[in-house]
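*Asks:* Structure file work30.txt, compact mmCIF, C-alpha atoms, is pasted below:
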# COMPACT_ATOMS: atom_id res chain seq x y z
CA MET A 80 64.07 107.77 101.01
CA ASN A 81 61.74 105.10 99.62
CA SER A 82 62.05 101.34 100.09
CA LYS A 83 63.80 100.78 96.73
CA GLN A 84 66.37 103.42 97.56
CA LYS A 85 66.88 101.81 100.96
CA ILE A 86 67.54 98.44 99.26
CA VAL A 87 70.04 100.11 96.89
CA LEU A 88 71.81 101.78 99.79
CA LEU A 89 71.88 98.60 101.86
CA THR A 90 73.14 96.49 98.91
CA ALA A 91 75.87 99.04 98.18
CA ALA A 92 76.93 99.07 101.82
CA VAL A 93 77.04 95.26 101.96
CA LEU A 94 79.04 95.11 98.68
CA LEU A 95 81.53 97.74 99.88
CA ILE A 96 82.02 95.94 103.19
CA GLY A 97 82.44 92.66 101.26
CA ILE A 98 85.06 94.24 98.96
CA PHE A 99 86.89 95.62 101.98
CA ILE A 100 86.90 92.18 103.66
CA VAL A 101 88.19 90.47 100.47
CA TRP A 102 90.93 93.13 100.13
CA GLN A 103 91.98 92.68 103.75
CA ALA A 104 91.89 88.90 103.41
CA SER A 105 94.16 89.20 100.35
CA GLY A 106 96.79 90.85 102.52
CA GLY A 107 95.63 94.47 102.50
CA GLU A 108 98.29 95.43 99.95
CA VAL A 109 98.25 98.97 98.58
CA LEU A 110 99.15 97.94 95.01
CA SER A 111 97.80 94.92 93.13
CA LYS A 112 100.48 92.42 92.16
CA ASP A 113 100.87 89.76 89.47
CA GLY A 114 103.07 87.62 91.67
CA ILE A 115 104.97 87.36 94.92
CA TRP A 116 108.48 86.43 96.04
CA VAL A 117 108.47 83.27 98.11
CA LYS A 118 111.32 81.64 100.00
CA LYS A 119 112.28 78.26 98.54
CA GLU A 120 112.73 75.32 100.85
CA MET A 121 116.40 74.82 101.73
CA THR A 122 118.36 71.63 101.40
CA GLU A 123 120.48 70.38 104.30
CA LEU A 124 123.57 71.15 102.21
CA ASP A 125 122.51 74.78 101.71
CA LYS A 126 121.97 75.06 105.47
CA SER A 127 125.46 73.60 106.02
CA LEU A 128 126.81 76.24 103.63
CA GLY A 129 125.25 78.94 105.83
CA LEU A 130 123.01 80.14 103.02
CA GLU A 131 119.59 81.74 103.37
CA PRO A 132 116.50 80.54 101.48
CA GLU A 133 116.53 81.48 97.80
CA LEU A 134 113.76 83.79 96.64
CA GLU A 135 111.53 82.54 93.84
CA PHE A 136 108.92 84.57 91.96
CA GLN A 137 105.54 82.87 91.90
CA LYS A 138 102.83 84.13 89.58
CA LYS A 139 99.82 84.82 91.78
CA PHE A 140 97.35 87.68 91.62
CA VAL A 141 97.26 89.70 94.83
CA LEU A 142 94.35 92.11 95.10
CA GLY A 143 95.54 95.56 96.06
CA LEU A 144 93.77 98.77 96.98
CA LEU A 145 95.08 100.32 93.77
CA PRO A 146 93.79 99.96 91.19
CA HIS A 147 91.40 96.98 91.53
CA THR A 148 89.72 97.50 94.93
CA ALA A 149 89.39 101.23 94.35
CA VAL A 150 87.95 100.77 90.83
CA ILE A 151 85.45 98.07 91.91
CA SER A 152 84.36 100.19 94.90
CA GLY A 153 84.01 103.21 92.61
CA VAL A 154 81.84 101.25 90.18
CA VAL A 155 79.60 100.08 93.07
CA VAL A 156 79.24 103.64 94.36
CA PHE A 157 78.57 104.98 90.84
CA ILE A 158 75.89 102.35 90.03
CA SER A 159 74.28 102.74 93.47
CA ALA A 160 74.11 106.53 93.05
CA GLY A 161 72.53 106.04 89.60
CA LEU A 162 69.94 103.58 90.90
CA PHE A 163 69.25 105.83 93.90
CA PHE A 164 68.51 108.63 91.47
CA VAL A 165 66.40 106.43 89.16
CA PHE A 166 64.29 105.13 92.05
CA ARG A 167 63.17 108.57 93.14
CA THR A 168 59.40 108.75 93.76
CA LYS A 169 57.11 111.33 92.19
CA LYS A 170 57.06 113.11 95.52
CA ASP A 171 60.86 113.47 95.44
CA LYS A 172 60.71 114.77 91.88
CA GLU A 173 57.96 117.29 92.72
CA LYS A 174 59.98 118.62 95.62
CA LYS A 175 62.60 119.73 93.12
CA MET B 77 173.84 88.75 117.09
CA LYS B 78 172.80 86.47 114.21
CA ILE B 79 171.16 84.06 116.64
CA ILE B 80 169.18 86.87 118.26
CA LEU B 81 168.03 88.10 114.84
CA LYS B 82 167.03 84.61 113.72
CA THR B 83 165.17 83.99 116.97
CA PHE B 84 163.39 87.33 116.57
CA LEU B 85 162.35 86.54 112.98
CA ILE B 86 161.13 83.07 113.95
CA LEU B 87 159.18 84.61 116.82
CA ILE B 88 157.55 87.14 114.46
CA PHE B 89 156.67 84.30 112.06
CA VAL B 90 155.18 82.15 114.83
CA VAL B 91 153.18 85.05 116.31
CA SER B 92 151.83 86.17 112.93
CA ALA B 93 150.98 82.57 112.01
CA SER B 94 149.10 82.10 115.27
CA LEU B 95 147.22 85.38 114.70
CA ALA B 96 146.13 84.35 111.19
CA GLN B 97 142.44 83.51 111.20
CA GLY B 98 141.11 81.09 108.67
CA PHE B 99 139.44 77.76 108.10
CA LYS B 100 140.59 74.52 109.68
CA VAL B 101 139.69 72.21 106.82
CA LYS B 102 141.36 69.51 104.74
CA ALA B 103 142.39 71.96 102.04
CA SER B 104 145.42 74.15 102.49
CA GLY B 105 147.23 76.97 100.74
CA GLU B 106 145.69 79.38 98.26
CA GLN B 107 142.28 78.44 96.90
CA THR B 108 140.20 80.13 94.21
CA PHE B 109 136.43 79.86 94.25
CA ASN B 110 134.27 80.56 91.22
CA PHE B 111 130.72 81.78 91.88
CA GLU B 112 129.38 81.39 88.36
CA ASP B 113 126.77 78.65 88.72
CA LYS B 114 125.32 77.34 85.45
CA TYR B 115 122.06 76.47 87.23
CA LYS B 116 121.71 80.09 88.43
CA ARG B 117 121.30 79.11 92.08
CA ASN B 118 123.33 82.05 93.35
CA GLN B 119 121.36 85.11 94.24
CA ALA B 120 121.94 88.79 94.91
CA THR B 121 118.99 90.81 96.15
CA PHE B 122 118.16 94.37 97.06
CA PHE B 123 115.41 95.51 99.36
CA SER B 124 113.84 98.92 99.37
CA THR B 125 110.76 100.60 100.72
CA THR B 126 108.37 103.11 99.20
CA PRO B 127 105.37 104.73 100.89
CA LEU B 128 103.11 102.31 99.00
CA GLU B 129 105.02 99.04 99.10
CA ASP B 130 108.29 97.24 99.67
CA ILE B 131 110.36 96.42 96.61
CA THR B 132 112.55 93.34 96.30
CA GLY B 133 114.93 93.05 93.37
CA VAL B 134 116.61 89.75 92.56
CA SER B 135 119.40 88.66 90.25
CA ASN B 136 120.36 85.01 89.77
CA ASP B 137 123.18 85.87 87.40
CA VAL B 138 126.03 86.21 89.91
CA LYS B 139 129.58 86.04 88.58
CA GLY B 140 132.99 86.39 90.15
CA LYS B 141 135.94 84.70 91.77
CA VAL B 142 137.66 85.03 95.12
CA THR B 143 141.08 83.78 96.15
CA PHE B 144 142.43 83.36 99.66
CA ASN B 145 144.80 81.35 101.75
CA VAL B 146 142.67 78.84 103.65
CA SER B 147 144.50 79.50 106.92
CA ASP B 148 144.29 83.30 106.64
CA ILE B 149 141.06 84.88 105.45
CA LYS B 150 142.67 88.32 105.49
CA THR B 151 144.37 87.33 102.23
CA LEU B 152 140.95 87.37 100.55
CA LYS B 153 140.84 89.13 97.18
CA GLY B 154 138.57 89.08 94.16
CA SER B 155 135.27 90.51 93.01
CA ILE B 156 131.61 89.61 92.60
CA SER B 157 129.34 91.14 89.98
CA ILE B 158 125.91 90.90 88.42
CA PRO B 159 124.68 92.23 85.07
CA THR B 160 122.52 95.30 85.76
CA ALA B 161 119.88 94.08 83.30
CA SER B 162 119.46 90.79 85.18
CA ILE B 163 117.62 92.36 88.14
CA LYS B 164 113.96 91.37 88.38
CA THR B 165 111.44 92.93 90.74
CA GLY B 166 108.42 90.88 89.72
CA ILE B 167 106.80 93.69 87.72
CA ASP B 168 107.95 94.01 84.09
CA LEU B 169 107.19 97.74 83.84
CA ARG B 170 109.22 98.42 86.99
CA ASP B 171 112.10 96.27 85.69
CA GLU B 172 112.15 98.36 82.51
CA HIS B 173 112.23 101.52 84.59
CA LEU B 174 115.02 100.08 86.74
CA ARG B 175 117.15 99.43 83.64
CA SER B 176 116.39 102.85 82.16
CA GLU B 177 118.65 105.86 81.95
CA ASN B 178 116.89 107.51 84.92
CA TRP B 179 117.73 104.65 87.24
CA LEU B 180 120.56 102.13 86.85
CA ASP B 181 121.21 102.89 83.16
CA ALA B 182 122.00 99.30 82.20
CA ALA B 183 123.02 100.28 78.67
CA ASN B 184 125.90 102.48 79.85
CA PHE B 185 126.69 100.66 83.10
CA PRO B 186 126.11 96.98 82.33
CA ASP B 187 127.54 95.55 85.58
CA ILE B 188 127.18 96.09 89.32
CA THR B 189 130.40 95.07 91.04
CA PHE B 190 131.83 94.55 94.50
CA PHE B 191 135.63 94.56 94.48
CA ILE B 192 137.19 93.22 97.70
CA LYS B 193 139.85 95.43 99.29
CA LYS B 194 140.39 94.17 102.81
CA VAL B 195 139.02 91.93 105.53
CA GLY B 196 138.70 92.91 109.17
CA ASP B 197 136.98 91.98 112.46
CA VAL B 198 137.30 88.26 111.78
CA LYS B 199 135.39 86.03 114.18
CA VAL B 200 135.94 82.32 113.85
CA SER B 201 132.69 80.58 114.73
CA GLY B 202 133.72 77.03 113.87
CA ASP B 203 136.42 75.08 112.07
CA ASN B 204 134.78 75.81 108.73
CA LYS B 205 132.84 78.96 109.50
CA LEU B 206 133.79 82.56 110.13
CA GLU B 207 132.32 86.02 110.17
CA ALA B 208 134.10 89.15 109.01
CA LYS B 209 133.69 92.71 107.87
CA VAL B 210 134.76 92.91 104.25
CA THR B 211 135.60 96.33 102.89
CA GLY B 212 135.27 96.78 99.17
CA ASP B 213 134.56 99.13 96.31
CA PHE B 214 130.94 98.91 95.25
CA SER B 215 130.26 100.19 91.74
CA VAL B 216 126.81 100.91 90.37
CA HIS B 217 125.56 103.50 87.87
CA GLY B 218 129.15 104.43 87.06
CA VAL B 219 129.90 105.53 90.62
CA THR B 220 132.25 103.67 92.95
CA LYS B 221 132.10 104.01 96.74
CA GLU B 222 133.69 102.10 99.55
CA VAL B 223 131.30 99.95 101.57
CA VAL B 224 131.67 97.51 104.44
CA ALA B 225 129.79 94.24 104.21
CA ASP B 226 128.95 91.87 107.04
CA VAL B 227 130.00 88.53 105.64
CA THR B 228 129.59 84.97 106.84
CA MET B 229 131.68 82.34 105.07
CA THR B 230 131.36 78.59 105.36
CA TYR B 231 133.89 76.17 103.87
CA LEU B 232 132.82 72.64 103.01
CA ASP B 233 135.37 70.05 101.95
CA ALA B 234 134.30 68.04 98.92
CA ASN B 235 132.19 65.04 99.89
CA GLU B 236 129.34 62.97 98.48
CA GLN B 237 126.77 65.60 99.42
CA THR B 238 128.68 68.61 98.03
CA GLN B 239 129.29 66.76 94.72
CA LYS B 240 125.52 66.79 94.14
CA LYS B 241 125.62 70.58 94.13
CA ALA B 242 128.97 71.24 92.44
CA PRO B 243 132.39 69.62 92.09
CA GLY B 244 135.25 70.41 94.47
CA ASP B 245 135.22 72.17 97.82
CA LEU B 246 132.38 74.63 98.31
CA LEU B 247 132.38 78.06 99.89
CA GLY B 248 129.05 79.50 101.05
CA VAL B 249 128.93 83.26 101.37
CA GLN B 250 126.23 85.35 102.98
CA ALA B 251 126.89 89.09 102.68
CA LYS B 252 124.88 92.14 103.69
CA PHE B 253 125.48 95.85 103.33
CA LYS B 254 123.60 99.09 102.80
CA ILE B 255 124.06 101.84 100.26
CA VAL B 256 122.59 105.30 99.91
CA LEU B 257 121.04 105.83 96.46
CA SER B 258 121.90 109.51 96.26
CA ASP B 259 125.61 108.65 96.73
CA TYR B 260 125.44 106.84 93.39
CA ASP B 261 123.58 109.61 91.51
CA ILE B 262 120.47 107.47 91.23
CA ASP B 263 117.05 109.10 91.02
CA ASN B 264 114.85 107.76 93.82
CA MET B 265 111.59 107.79 91.86
CA ILE B 266 110.50 104.50 90.32
CA VAL B 267 107.23 104.19 88.39
CA GLY B 268 105.91 107.26 90.21
CA GLN B 269 106.90 106.03 93.68
CA LYS B 270 109.52 107.61 95.87
CA VAL B 271 111.99 104.96 96.96
CA ALA B 272 113.79 105.22 100.32
CA ASP B 273 117.36 106.48 99.93
CA ASP B 274 118.75 103.54 101.92
CA ILE B 275 118.89 100.26 100.04
CA GLU B 276 119.80 96.94 101.64
CA ILE B 277 121.86 94.59 99.48
CA ASN B 278 122.33 90.88 100.13
CA ALA B 279 124.38 88.20 98.46
CA ASN B 280 123.51 84.59 99.08
CA ILE B 281 126.01 82.63 97.04
CA PHE B 282 128.23 79.59 96.90
CA GLY B 283 131.37 78.97 94.91
CA SER B 284 133.43 75.97 93.95
CA ASN B 285 137.19 75.60 93.69
CA ALA B 286 136.78 73.11 90.84
CA LEU B 287 134.79 75.25 88.39
Translate this structure into structure tokens?

*Replies:*
Amino acid sequence: MNSKQKIVLLTAAVLLIGIFIVWQASGGEVLSKDGIWVKKEMTELDKSLGLEPELEFQKKFVLGLLPHTAVISGVVVFISAGLFFVFRTKKDKEKK
Amino acid sequence: MKIILKTFLILIFVVSASLAQGFKVKASGEQTFNFEDKYKRNQATFFSTTPLEDITGVSNDVKGKVTFNVSDIKTLKGSISIPTASIKTGIDLRDEHLRSENWLDAANFPDITFFIKKVGDVKVSGDNKLEAKVTGDFSVHGVTKEVVADVTMTYLDANEQTQKKAPGDLLGVQAKFKIVLSDYDIDNMIVGQKVADDIEINANIFGSNAL
């Protein structure tokens, strides 16, 4: 492995770890979502009526493992493998 | 003999009246509450799990009326329903699938209904609050099965605060029960995910006796 290949490998590893951290920080959901259900704040009257908080759909992108994290990770792996191959030295090529 | 009979009948009346469990509020006699709120603040939800995620379905289009004698909740009768097509899960594709023939078949079975049959296990937890097990016929996907819901009811006499929400006396109802999908001939695959057979259903609604 030459120095360029090492840089490619290191960059890919850093990117993949970064993607993993972002995915976990987004809640570690399996599926990506366009929005989430949130509990609305209750009024005193609703509490007196014995009701529970109403659910409200809020548009908000939630990064999930599928498809976004998996696709981005796949692209990183694919590009890294390509660059790793491109950065072969003459010595590597001769070996083959 | 007549005196003994009269005394016996009065005794039965007094005992049954003292056993009646209901609300101790200003209102009396039979009251009818309408749950159709024009601001769509009433909500029925279902909760289900799949191996990949939890699914919450929500409908804000609750309709129905209940009638009962304020002093005896066991006289409760009526029904609550939602249009099948009004359920939203937060993902349009999944909502379409939910309405489709394979799932709830909204075209052929436009409403999901709970028809009250009887009330049991009443626990009075305050002058205007009680808990009970309400048995009813739950109909979905053209199949009707008897279910028992854990229900909490709260009665609020009309006052300045309640008028801001709706006219008349208000009745808050919190109901929970579970159904088994396969009992209702519903396929448990939704957008490629296998949904758990047990579904939890909740109703979080209020009604008014002046609507």

*Asks:* Tell me, as number ranges by chain, which residues lie within 12 Å of Gly153 of chain A, counting all atoms listed in the file; anything in the same chain fewer than 5 positions away does not count.

*Replies:* A: 91, 94-95, 98, 144-148, 158-160

*Asks:* Which polymer residues have any atom within 10 Å of an atom of Phe163 of chain A, counting all atoms listed in the file, with same-chain residues fewer than 2 positions away left out, as a ChimeraX atom specification?

*Replies:* /A:80-81,83-88,157-161,165-167

*Asks:* Would you list the residues near (118.9, 70.3, 103.1), meaning any protein, DNA or RNA residue with an atom at most 12 Å from that point in file coordinates, counting all atoms listed in the file, as a ChimeraX atom specification?

*Replies:* /A:119-132 /B:237-238,240-241

*Asks:* Once you count all atoms listed in the file, what closest atom pair and distance in Å to one decimal does each residue of chain B within 8 Å of chain A have, with rows by chain and rising residue number, as a tab-separated table?

*Replies:*
residue	atom	partner	partner_atom	distance
B:Arg117	CA	A:Glu133	CA	7.8
B:Gln119	CA	A:Glu133	CA	7.0
B:Leu128	CA	A:Val109	CA	5.9
B:Glu129	CA	A:Val109	CA	6.8
B:Val134	CA	A:Leu134	CA	7.8
B:Gly166	CA	A:Gly114	CA	6.6
B:Ile167	CA	A:Asp113	CA	7.3
B:Thr228	CA	A:Gly129	CA	7.5
B:Met229	CA	A:Gly129	CA	7.3
B:Thr230	CA	A:Leu128	CA	5.4
B:Tyr231	CA	A:Leu128	CA	7.1
B:Leu232	CA	A:Leu128	CA	7.0
B:Gln237	CA	A:Leu124	CA	7.0
B:Thr238	CA	A:Leu124	CA	7.1
B:Leu246	CA	A:Leu128	CA	7.9
B:Leu247	CA	A:Leu128	CA	7.0
B:Gly248	CA	A:Leu128	CA	4.7
B:Val249	CA	A:Leu130	CA	6.9
B:Gln250	CA	A:Leu130	CA	6.1
B:Asn280	CA	A:Leu130	CA	6.0
B:Ile281	CA	A:Leu130	CA	7.1
B:Phe282	CA	A:Leu128	CA	7.7

*Asks:* Take atom CA of Thr143 of chain B and atom CA of Lys254 of chain B and report the distance between them in Å, one decimal.

*Replies:* 24.2 Å

*Asks:* Kindly indicate which residue among B:Phe109, B:Tyr260, B:Phe144, B:Phe123 lies nearest to Ile188 of chain B, using all atoms listed in the file for the distances.

*Replies:*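 Answer, going by the shortest atom-to-atom distance: B:Tyr260.
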
*Asks:* Using only C-alpha atoms, find all polymer residues with an atom at most 8 Å away from the point (126.5, 85.9, 90.5); report them as a list in words.

*Replies:*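 Answer for this query, in the requested form: Phe111, Glu112, Asp113, Lys116, Asn118, Gln119, Ala120, Ser135, Asn136, Asp137, Val138, Lys139, Gly140, Ile156, Ser157, Ile158 and Ile281 of chain B.
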
*Asks:* Using only C-alpha atoms for the distances, tell me which of B:Glu207, B:Asp181, B:Asp233, B:Glu276 is nearest to Ile262 of chain B.

*Replies:*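 When distances to Ile262 of chain B are compared using only C-alpha atoms, the smallest one comes from B:Asp181.
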
*Asks:* I want to know what sits within 7 Å of segment 212-226 of chain B, based on only C-alpha atoms, with residues of the same chain fewer than 2 positions away left out; could you give that as a PyMOL selection string?

*Replies:* chain B and resi 180-181+185+188-194+208-210+228+251-253+260

*Asks:* Calculate how many Å separate atom CA of Lys100 of chain B from atom CA of Thr211 of chain B, rounding to one decimal.

*Replies:*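 Calculated distance between atom CA of Lys100 of chain B and atom CA of Thr211 of chain B is 23.4 Å.
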
*Asks:* Could you check how far atom CA of Gly202 of chain B sits from atom CA of Val146 of chain B, in Å to one decimal?

*Replies:*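 So the two atoms, atom CA of Gly202 of chain B and atom CA of Val146 of chain B, lie 13.7 Å apart.
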
*Asks:* Go through B:Asp130, B:Asp203, B:Ala182, B:Gln107 one by one, measure the shortest atom-to-atom distance of each to Leu287 of chain B using only C-alpha atoms, and give the residue with the smallest value.

*Replies:*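 Of all the options, B:Gln107 lies closest to Leu287 of chain B.
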
*Asks:* Taking all atoms listed in the file into account, which of A:Val154, A:Ala149, A:Leu142, A:Leu162 comes nearest Ser111 of chain A?

*Replies:*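 Residue with the minimum atom-to-atom distance to Ser111 of chain A: A:Leu142.
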